[in-house]
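K.L.:
File name coords_23.cif; file contents mmCIF, C-alpha atoms and all ligand atoms; full text below.
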data_data
loop_
_atom_site.label_atom_id
_atom_site.label_comp_id
_atom_site.auth_asym_id
_atom_site.auth_seq_id
_atom_site.Cartn_x
_atom_site.Cartn_y
_atom_site.Cartn_z
CA SER N 1 23.04 -9.35 6.65
CA VAL N 2 22.72 -10.22 2.96
CA GLU N 3 24.02 -7.72 0.43
CA LEU N 4 21.38 -5.77 -1.50
CA ASN N 5 20.92 -6.98 -5.06
CA PRO N 6 22.11 -4.04 -7.24
CA VAL N 7 18.83 -4.14 -9.20
CA LEU N 8 17.10 -2.84 -6.03
CA HIS N 9 19.37 0.16 -5.43
CA PRO N 10 16.78 2.65 -6.78
CA LEU N 11 14.34 1.44 -4.08
CA ASN N 12 16.86 1.52 -1.23
CA TRP N 13 14.96 4.44 0.36
CA LEU N 14 11.91 2.21 0.91
CA LEU N 15 13.67 -0.70 2.66
CA GLY N 16 13.29 -1.25 6.39
CA ASN N 17 10.43 -0.90 8.85
CA TRP N 18 8.05 2.03 9.14
CA GLU N 19 5.30 3.00 11.57
CA SER N 20 2.65 5.71 11.24
CA ASP N 21 3.76 8.80 13.17
CA ILE N 22 0.22 10.13 13.55
CA PRO N 23 -2.93 8.15 12.67
CA GLY N 24 -3.77 7.88 8.98
CA GLU N 25 -7.01 9.20 7.55
CA GLY N 26 -9.46 6.83 5.90
CA THR N 27 -12.13 8.39 3.71
CA PHE N 28 -14.43 7.59 0.80
CA PRO N 29 -17.64 9.26 -0.36
CA THR N 30 -19.72 6.27 0.85
CA ILE N 31 -18.14 5.60 4.27
CA LYS N 32 -17.73 7.15 7.69
CA PRO N 33 -14.23 8.68 7.94
CA PHE N 34 -11.91 6.67 10.20
CA ARG N 35 -8.41 6.80 11.66
CA TYR N 36 -5.88 4.01 11.57
CA THR N 37 -2.29 3.20 12.45
CA GLU N 38 -0.09 1.08 10.22
CA LYS N 39 3.24 -0.75 10.24
CA LEU N 40 5.13 -1.41 7.03
CA TYR N 41 7.94 -3.95 6.60
CA PHE N 42 10.14 -4.01 3.48
CA SER N 43 12.95 -6.60 3.39
CA HIS N 44 15.07 -8.58 0.94
CA VAL N 45 17.09 -11.79 0.90
CA GLY N 46 19.62 -10.85 -1.79
CA GLN N 47 17.27 -11.60 -4.68
CA PRO N 48 16.21 -8.74 -6.98
CA VAL N 49 12.90 -8.75 -5.08
CA ILE N 50 11.53 -6.86 -2.06
CA ASN N 51 9.25 -8.71 0.38
CA PHE N 52 6.64 -6.53 2.07
CA MET N 53 3.92 -6.62 4.74
CA PHE N 54 1.52 -3.79 5.67
CA ASN N 55 -0.51 -4.22 8.87
CA ALA N 56 -3.19 -1.64 9.74
CA PHE N 57 -4.98 -1.23 13.08
CA ASN N 58 -7.92 0.74 14.41
CA ALA N 59 -6.38 3.90 15.90
CA GLU N 60 -8.63 3.81 18.98
CA SER N 61 -9.19 0.10 19.77
CA LYS N 62 -5.82 -1.03 18.31
CA LYS N 63 -7.62 -4.00 16.77
CA PRO N 64 -6.09 -5.45 13.56
CA MET N 65 -7.86 -4.27 10.41
CA HIS N 66 -6.52 -4.29 6.88
CA ARG N 67 -3.46 -6.40 5.96
CA GLU N 68 -1.59 -6.85 2.73
CA CYS N 69 1.65 -8.53 1.74
CA GLY N 70 3.59 -9.43 -1.35
CA PHE N 71 6.62 -8.80 -3.48
CA ILE N 72 8.09 -5.86 -5.37
CA ARG N 73 10.25 -6.08 -8.49
CA ILE N 74 11.91 -3.58 -10.81
CA GLN N 75 12.39 -4.24 -14.49
CA PRO N 76 16.21 -4.05 -14.61
CA GLY N 77 17.58 -0.99 -16.39
CA THR N 78 14.21 0.80 -16.33
CA ASN N 79 12.13 2.78 -13.83
CA LYS N 80 9.23 0.32 -14.12
CA VAL N 81 8.13 -1.18 -10.78
CA ALA N 82 5.66 -4.01 -10.14
CA PHE N 83 3.89 -4.92 -6.87
CA MET N 84 2.33 -8.40 -6.44
CA ILE N 85 -0.17 -8.01 -3.61
CA ALA N 86 -2.48 -10.23 -1.52
CA GLN N 87 -4.98 -8.47 0.76
CA ASN N 88 -6.90 -9.99 3.67
CA SER N 89 -10.14 -8.64 2.18
CA GLY N 90 -9.94 -11.38 -0.47
CA LEU N 91 -8.24 -9.34 -3.16
CA VAL N 92 -5.13 -10.20 -5.17
CA GLU N 93 -3.60 -7.59 -7.36
CA ILE N 94 -0.76 -6.59 -9.64
CA GLU N 95 0.08 -2.90 -9.56
CA GLU N 96 2.62 -1.35 -11.89
CA GLY N 97 4.03 2.10 -12.24
CA GLU N 98 7.05 4.33 -12.33
CA LEU N 99 9.78 5.26 -9.92
CA THR N 100 10.97 8.87 -10.20
CA GLY N 101 13.64 9.52 -7.58
CA ASN N 102 11.96 8.97 -4.22
CA HIS N 103 8.46 9.03 -5.72
CA LEU N 104 6.70 5.80 -6.69
CA LYS N 105 3.33 5.90 -8.45
CA LEU N 106 1.43 2.67 -9.06
CA GLN N 107 -1.89 1.58 -10.46
CA THR N 108 -3.80 -1.67 -10.83
CA GLU N 109 -2.86 -3.78 -13.83
CA LYS N 110 -4.64 -7.00 -12.78
CA LEU N 111 -7.16 -7.61 -10.05
CA ALA N 112 -8.98 -10.72 -8.83
CA ARG N 113 -10.99 -11.53 -5.73
CA ILE N 114 -12.58 -14.40 -3.84
CA SER N 115 -16.14 -15.27 -4.91
CA PHE N 116 -17.60 -13.98 -1.63
CA ALA N 117 -15.65 -10.71 -1.32
CA LYS N 118 -17.62 -7.89 0.30
CA GLU N 119 -19.40 -5.42 -1.99
CA PRO N 120 -19.05 -2.86 -3.42
CA HIS N 121 -16.00 -4.20 -5.23
CA VAL N 122 -12.95 -2.09 -5.90
CA GLN N 123 -12.21 -1.86 -9.64
CA GLN N 124 -9.03 0.23 -9.75
CA ILE N 125 -6.44 1.31 -7.19
CA CYS N 126 -3.87 4.08 -7.51
CA ARG N 127 -1.19 4.69 -4.94
CA VAL N 128 1.75 6.96 -4.40
CA PHE N 129 4.67 6.31 -2.03
CA GLN N 130 6.91 9.29 -1.48
CA LEU N 131 9.92 9.95 0.73
CA LEU N 132 9.40 13.44 2.17
CA PRO N 133 12.26 15.93 2.68
CA ASP N 134 12.07 15.37 6.47
CA GLY N 135 12.70 11.62 6.05
CA LYS N 136 9.10 10.56 6.56
CA LEU N 137 7.33 8.23 4.13
CA GLU N 138 3.89 9.10 2.78
CA GLN N 139 1.31 6.80 1.20
CA THR N 140 -1.82 8.02 -0.60
CA VAL N 141 -4.38 5.58 -2.00
CA THR N 142 -7.26 6.45 -4.33
CA MET N 143 -9.71 3.93 -5.80
CA VAL N 144 -12.63 3.36 -8.14
CA THR N 145 -15.44 1.05 -6.98
CA ASP N 146 -18.56 -0.42 -8.63
CA ASN N 147 -20.43 2.76 -7.76
CA GLN N 148 -17.89 5.56 -7.13
CA PRO N 149 -15.43 7.35 -9.43
CA LEU N 150 -11.79 7.79 -8.44
CA SER N 151 -11.77 9.09 -4.85
CA GLN N 152 -9.26 9.13 -2.04
CA HIS N 153 -9.44 6.25 0.47
CA LEU N 154 -6.21 6.52 2.48
CA HIS N 155 -3.60 9.06 3.47
CA ILE N 156 -0.88 8.36 6.01
CA THR N 157 2.70 9.24 6.92
CA TYR N 158 5.24 6.99 8.60
CA ARG N 159 8.59 7.29 10.31
CA ARG N 160 11.33 4.66 10.39
CA SER N 161 10.83 2.29 13.31
CA SER N 162 13.98 0.10 13.29
C1 LIG N 201 -14.00 0.42 3.00
C2 LIG N 201 -10.98 -1.11 -0.43
C3 LIG N 201 -7.22 -0.39 2.56
C4 LIG N 201 -10.30 0.46 6.14
C5 LIG N 201 -13.49 -0.04 1.80
C6 LIG N 201 -14.29 -0.33 0.62
C7 LIG N 201 -13.44 -0.78 -0.33
C8 LIG N 201 -12.11 -0.75 0.23
C9 LIG N 201 -13.81 -1.20 -1.75
C10 LIG N 201 -15.82 -0.17 0.51
C11 LIG N 201 -16.19 1.25 0.11
C12 LIG N 201 -17.70 1.45 0.02
O1 LIG N 201 -18.43 0.89 0.84
O2 LIG N 201 -18.12 2.21 -0.86
C13 LIG N 201 -9.69 -1.00 0.08
C14 LIG N 201 -8.48 -1.28 -0.67
C15 LIG N 201 -7.42 -1.06 0.16
C16 LIG N 201 -7.98 -0.67 1.45
C17 LIG N 201 -8.45 -1.72 -2.13
C18 LIG N 201 -5.94 -1.15 -0.10
C19 LIG N 201 -5.39 -0.84 -1.26
C20 LIG N 201 -7.71 -0.10 3.80
C21 LIG N 201 -6.91 0.14 4.97
C22 LIG N 201 -7.75 0.37 5.96
C23 LIG N 201 -9.11 0.29 5.44
C24 LIG N 201 -5.37 0.13 5.04
C25 LIG N 201 -7.28 0.72 7.36
C26 LIG N 201 -7.75 0.20 8.41
C27 LIG N 201 -11.56 0.54 5.59
C28 LIG N 201 -12.77 0.83 6.37
C29 LIG N 201 -13.83 0.85 5.46
C30 LIG N 201 -13.27 0.53 4.16
C31 LIG N 201 -12.83 1.08 7.87
C32 LIG N 201 -15.32 1.17 5.76
C33 LIG N 201 -16.02 0.08 6.43
C34 LIG N 201 -15.99 -1.17 5.61
O3 LIG N 201 -16.49 -1.17 4.47
O4 LIG N 201 -15.39 -2.16 6.08
N1 LIG N 201 -12.18 -0.29 1.53
N2 LIG N 201 -9.34 -0.65 1.36
N3 LIG N 201 -9.04 0.01 4.11
N4 LIG N 201 -11.91 0.38 4.29
FE1 LIG N 201 -10.62 -0.06 2.81
#
If you convert what's in this file into structure tokens, what do you get?
P.N.:
Amino acid sequence: SVELNPVLHPLNWLLGNWESDIPGEGTFPTIKPFRYTEKLYFSHVGQPVINFMFNAFNAESKKPMHRECGFIRIQPGTNKVAFMIAQNSGLVEIEEGELTGNHLKLQTEKLARISFAKEPHVQQICRVFQLLPDGKLEQTVTMVTDNQPLSQHLHITYRRSS
């Protein structure tokens, strides 16, 4: 396998494949709460860039639901991290934030969507990835929409899958 680009060392803990251990919780003030499973894939090809894919499924029917993919970069010599993200809902996004140890906090810097994206539109996304002491990974997503202030949408934990 290709050697990790040294620029990515601070994000080593994120690399590999992850699968939800128990179903994640989807919530928002305007929607019916739901449960989902999700697989995350973080890989690299020796460039100072991580490639990622997140695939979510309905916890009961197992049908594919939300999907996103993109690239992650670190500004060399700093703790600044940038995600470039495309979502199957018609959204493209740049999120930036800070890496503090095994804690990564990001928020929307730029957001665009297809002309016929479903409403209400999301206006701001915040997310935290955190490696827990027991080796699990946790993701929490909060968002602002056209008609709701910052509220939690997603909470899920994963364990390494291979
Ligand atoms: C609803 C955004 C990830 C499942 C929504 C809504 C928005 C949104 C704006 C509409 C809320 C409203 O009606 O007030 C996002 C964004 C995501 C994301 C920006 C990623 C950063 C996910 C994931 C799942 C999911 C991973 C897991 C399956 C749902 C469901 C609804 C919903 C089931 C309610 C029904 C619907 O509107 O389709 N989401 N979502 N979302 N989201 Fe997400």
K.L.:
Report as a tab-separated table: every residue of chain N with an atom at most 8 Å from ligand LIG 201 (chain N), its closest pair of atoms, and their distance in Å to one decimal, counting only C-alpha atoms and all ligand atoms, with rows sorted by chain and ascending residue number.
P.N.:
residue	atom	partner	partner_atom	distance
N:Gly26	CA	N:LIG201	C4	6.4
N:Thr27	CA	N:LIG201	C29	7.9
N:Phe28	CA	N:LIG201	C11	6.6
N:Pro29	CA	N:LIG201	O2	7.1
N:Thr30	CA	N:LIG201	O2	4.7
N:Ile31	CA	N:LIG201	C32	5.5
N:Lys32	CA	N:LIG201	C32	6.7
N:Pro33	CA	N:LIG201	C31	7.7
N:Phe34	CA	N:LIG201	C31	6.1
N:Arg35	CA	N:LIG201	C26	7.4
N:Tyr36	CA	N:LIG201	C26	5.3
N:Thr37	CA	N:LIG201	C26	7.4
N:Glu38	CA	N:LIG201	C24	7.5
N:Phe54	CA	N:LIG201	C24	8.0
N:Asn55	CA	N:LIG201	C24	7.6
N:Ala56	CA	N:LIG201	C26	5.1
N:Phe57	CA	N:LIG201	C26	5.6
N:Asn58	CA	N:LIG201	C26	6.0
N:Pro64	CA	N:LIG201	C26	7.8
N:Met65	CA	N:LIG201	C26	4.9
N:His66	CA	N:LIG201	C21	4.8
N:Arg67	CA	N:LIG201	C24	6.9
N:Glu68	CA	N:LIG201	C18	7.7
N:Gln87	CA	N:LIG201	C18	7.4
N:Ser89	CA	N:LIG201	C13	7.9
N:Leu91	CA	N:LIG201	C17	7.7
N:Lys118	CA	N:LIG201	C10	7.9
N:Glu119	CA	N:LIG201	C10	6.8
N:Pro120	CA	N:LIG201	C12	5.7
N:His121	CA	N:LIG201	C9	5.1
N:Val122	CA	N:LIG201	C9	4.3
N:Gln124	CA	N:LIG201	C17	7.9
N:Ile125	CA	N:LIG201	C17	6.2
N:Arg127	CA	N:LIG201	C19	7.9
N:Val141	CA	N:LIG201	C19	6.5
N:Met143	CA	N:LIG201	C17	6.9
N:Val144	CA	N:LIG201	C9	7.9
N:Thr145	CA	N:LIG201	C9	5.9
N:Asn147	CA	N:LIG201	O2	7.3
N:Gln148	CA	N:LIG201	O2	7.1
N:His153	CA	N:LIG201	FE1	6.8
N:Leu154	CA	N:LIG201	C21	6.9
K.L.:
With C-alpha atoms retained, could you export that selection as a tab-separated table (two decimals), in the coordinates of the input?
P.N.:
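The resulting file, part.tsv, is shown below:
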chain	number	residue	atom	x	y	z
N	26	GLY	CA	-9.46	6.83	5.90
N	27	THR	CA	-12.13	8.39	3.71
N	28	PHE	CA	-14.43	7.59	0.80
N	29	PRO	CA	-17.64	9.26	-0.36
N	30	THR	CA	-19.72	6.27	0.85
N	31	ILE	CA	-18.14	5.60	4.27
N	32	LYS	CA	-17.73	7.15	7.69
N	33	PRO	CA	-14.23	8.68	7.94
N	34	PHE	CA	-11.91	6.67	10.20
N	35	ARG	CA	-8.41	6.80	11.66
N	36	TYR	CA	-5.88	4.01	11.57
N	37	THR	CA	-2.29	3.20	12.45
N	38	GLU	CA	-0.09	1.08	10.22
N	54	PHE	CA	1.52	-3.79	5.67
N	55	ASN	CA	-0.51	-4.22	8.87
N	56	ALA	CA	-3.19	-1.64	9.74
N	57	PHE	CA	-4.98	-1.23	13.08
N	58	ASN	CA	-7.92	0.74	14.41
N	64	PRO	CA	-6.09	-5.45	13.56
N	65	MET	CA	-7.86	-4.27	10.41
N	66	HIS	CA	-6.52	-4.29	6.88
N	67	ARG	CA	-3.46	-6.40	5.96
N	68	GLU	CA	-1.59	-6.85	2.73
N	87	GLN	CA	-4.98	-8.47	0.76
N	89	SER	CA	-10.14	-8.64	2.18
N	91	LEU	CA	-8.24	-9.34	-3.16
N	118	LYS	CA	-17.62	-7.89	0.30
N	119	GLU	CA	-19.40	-5.42	-1.99
N	120	PRO	CA	-19.05	-2.86	-3.42
N	121	HIS	CA	-16.00	-4.20	-5.23
N	122	VAL	CA	-12.95	-2.09	-5.90
N	124	GLN	CA	-9.03	0.23	-9.75
N	125	ILE	CA	-6.44	1.31	-7.19
N	127	ARG	CA	-1.19	4.69	-4.94
N	141	VAL	CA	-4.38	5.58	-2.00
N	143	MET	CA	-9.71	3.93	-5.80
N	144	VAL	CA	-12.63	3.36	-8.14
N	145	THR	CA	-15.44	1.05	-6.98
N	147	ASN	CA	-20.43	2.76	-7.76
N	148	GLN	CA	-17.89	5.56	-7.13
N	153	HIS	CA	-9.44	6.25	0.47
N	154	LEU	CA	-6.21	6.52	2.48
K.L.:
CA of Leu14 in chain N and CA of Glu93 in chain N are how many Å apart?
P.N.:
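These two atoms are separated by 20.1 Å.
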K.L.:
To one decimal place, how far is CA of Tyr158 in chain N from CA of Thr78 in chain N in Å?
P.N.:
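Taking CA of Tyr158 in chain N and CA of Thr78 in chain N, their separation equals 27.2 Å.
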K.L.:
May I have the residues at most 12 Å from (18.2, 5.6, -2.8) in the file's coordinates, counting all atoms listed in the file, as a list in words?
P.N.:
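Here the neighbourhood of the point contains Leu4, Pro6, Val7, Leu8, His9, Pro10, Leu11, Asn12, Trp13, Leu14, Leu15, Leu99, Thr100, Gly101, Asn102, His103, Gln130 and Leu131 of chain N.
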K.L.:
Under the rule that only C-alpha atoms are counted, which of N:Asn88, N:Ser61, N:Asn5, N:Asn79 is the nearest residue to Pro48 in chain N?
P.N.:
N:Asn5
K.L.:
For each of N:Leu106, N:Val49, N:Val92, N:Cys126, take the minimum atom-to-atom distance to Pro76 in chain N, counting all atoms listed in the file, then give the residue where this is smallest.
P.N.:
N:Val49
K.L.:
Hey, can you pull every residue with an atom no more than 7 Å from (-2.9, 4.2, 4.5), using all atoms listed in the file, and send it as a tab-separated table (two decimals) with C-alpha atoms, keeping the file's coordinate frame?
P.N.:
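Done, and the output landed in out_16.tsv:
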chain	number	residue	atom	x	y	z
N	24	GLY	CA	-3.77	7.88	8.98
N	139	GLN	CA	1.31	6.80	1.20
N	140	THR	CA	-1.82	8.02	-0.60
N	141	VAL	CA	-4.38	5.58	-2.00
N	154	LEU	CA	-6.21	6.52	2.48
N	155	HIS	CA	-3.60	9.06	3.47
N	156	ILE	CA	-0.88	8.36	6.01
K.L.:
Of the candidates N:Lys63, N:Arg73, N:Lys39, N:Arg113, which shows the shortest atom-to-atom distance to Thr157 in chain N, using all atoms listed in the file?
P.N.:
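Closest to Thr157 in chain N, using all atoms listed in the file: N:Lys39.
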K.L.:
Take CA of Arg160 in chain N and CA of Asn51 in chain N and report the distance between them in Å, one decimal.
P.N.:
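That distance, rounded to one decimal, is 16.8 Å.
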K.L.:
Between N:Ser151, N:Glu25, N:Val81, N:Ser20, which has the minimum distance to Ile50 in chain N (counting all atoms listed in the file)?
P.N.:
N:Val81
K.L.:
Counting all atoms listed in the file, what is within 7 Å of Arg159 in chain N, bar same-chain residues fewer than 4 positions away, as a list in words?
P.N.:
Trp18, Glu19, Ser20, Asp21, Lys136 and Leu137 of chain N
K.L.:
For the selection just defined, write its residues with C-alpha atoms to a file, as a short mmCIF file (atom, residue, chain, number, x, y, z; two decimals), in the coordinates of the input.
P.N.:
data_model
loop_
_atom_site.label_atom_id
_atom_site.label_comp_id
_atom_site.auth_asym_id
_atom_site.auth_seq_id
_atom_site.Cartn_x
_atom_site.Cartn_y
_atom_site.Cartn_z
CA TRP N 18 8.05 2.03 9.14
CA GLU N 19 5.30 3.00 11.57
CA SER N 20 2.65 5.71 11.24
CA ASP N 21 3.76 8.80 13.17
CA LYS N 136 9.10 10.56 6.56
CA LEU N 137 7.33 8.23 4.13
#
K.L.:
Point out the residue among N:Ile22, N:Met84, N:Val2, N:Leu150 with the least atom-to-atom distance to Gln47 in chain N, counting all atoms listed in the file.
P.N.:
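Checking each candidate against Gln47 in chain N, we get N:Val2 as the closest.
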K.L.:
Check the smallest atom-to-atom distance from each of N:Ala59, N:Ile72, N:Ile94, N:Leu111 to Pro23 in chain N using only C-alpha atoms, then report the winner.
P.N.:
N:Ala59
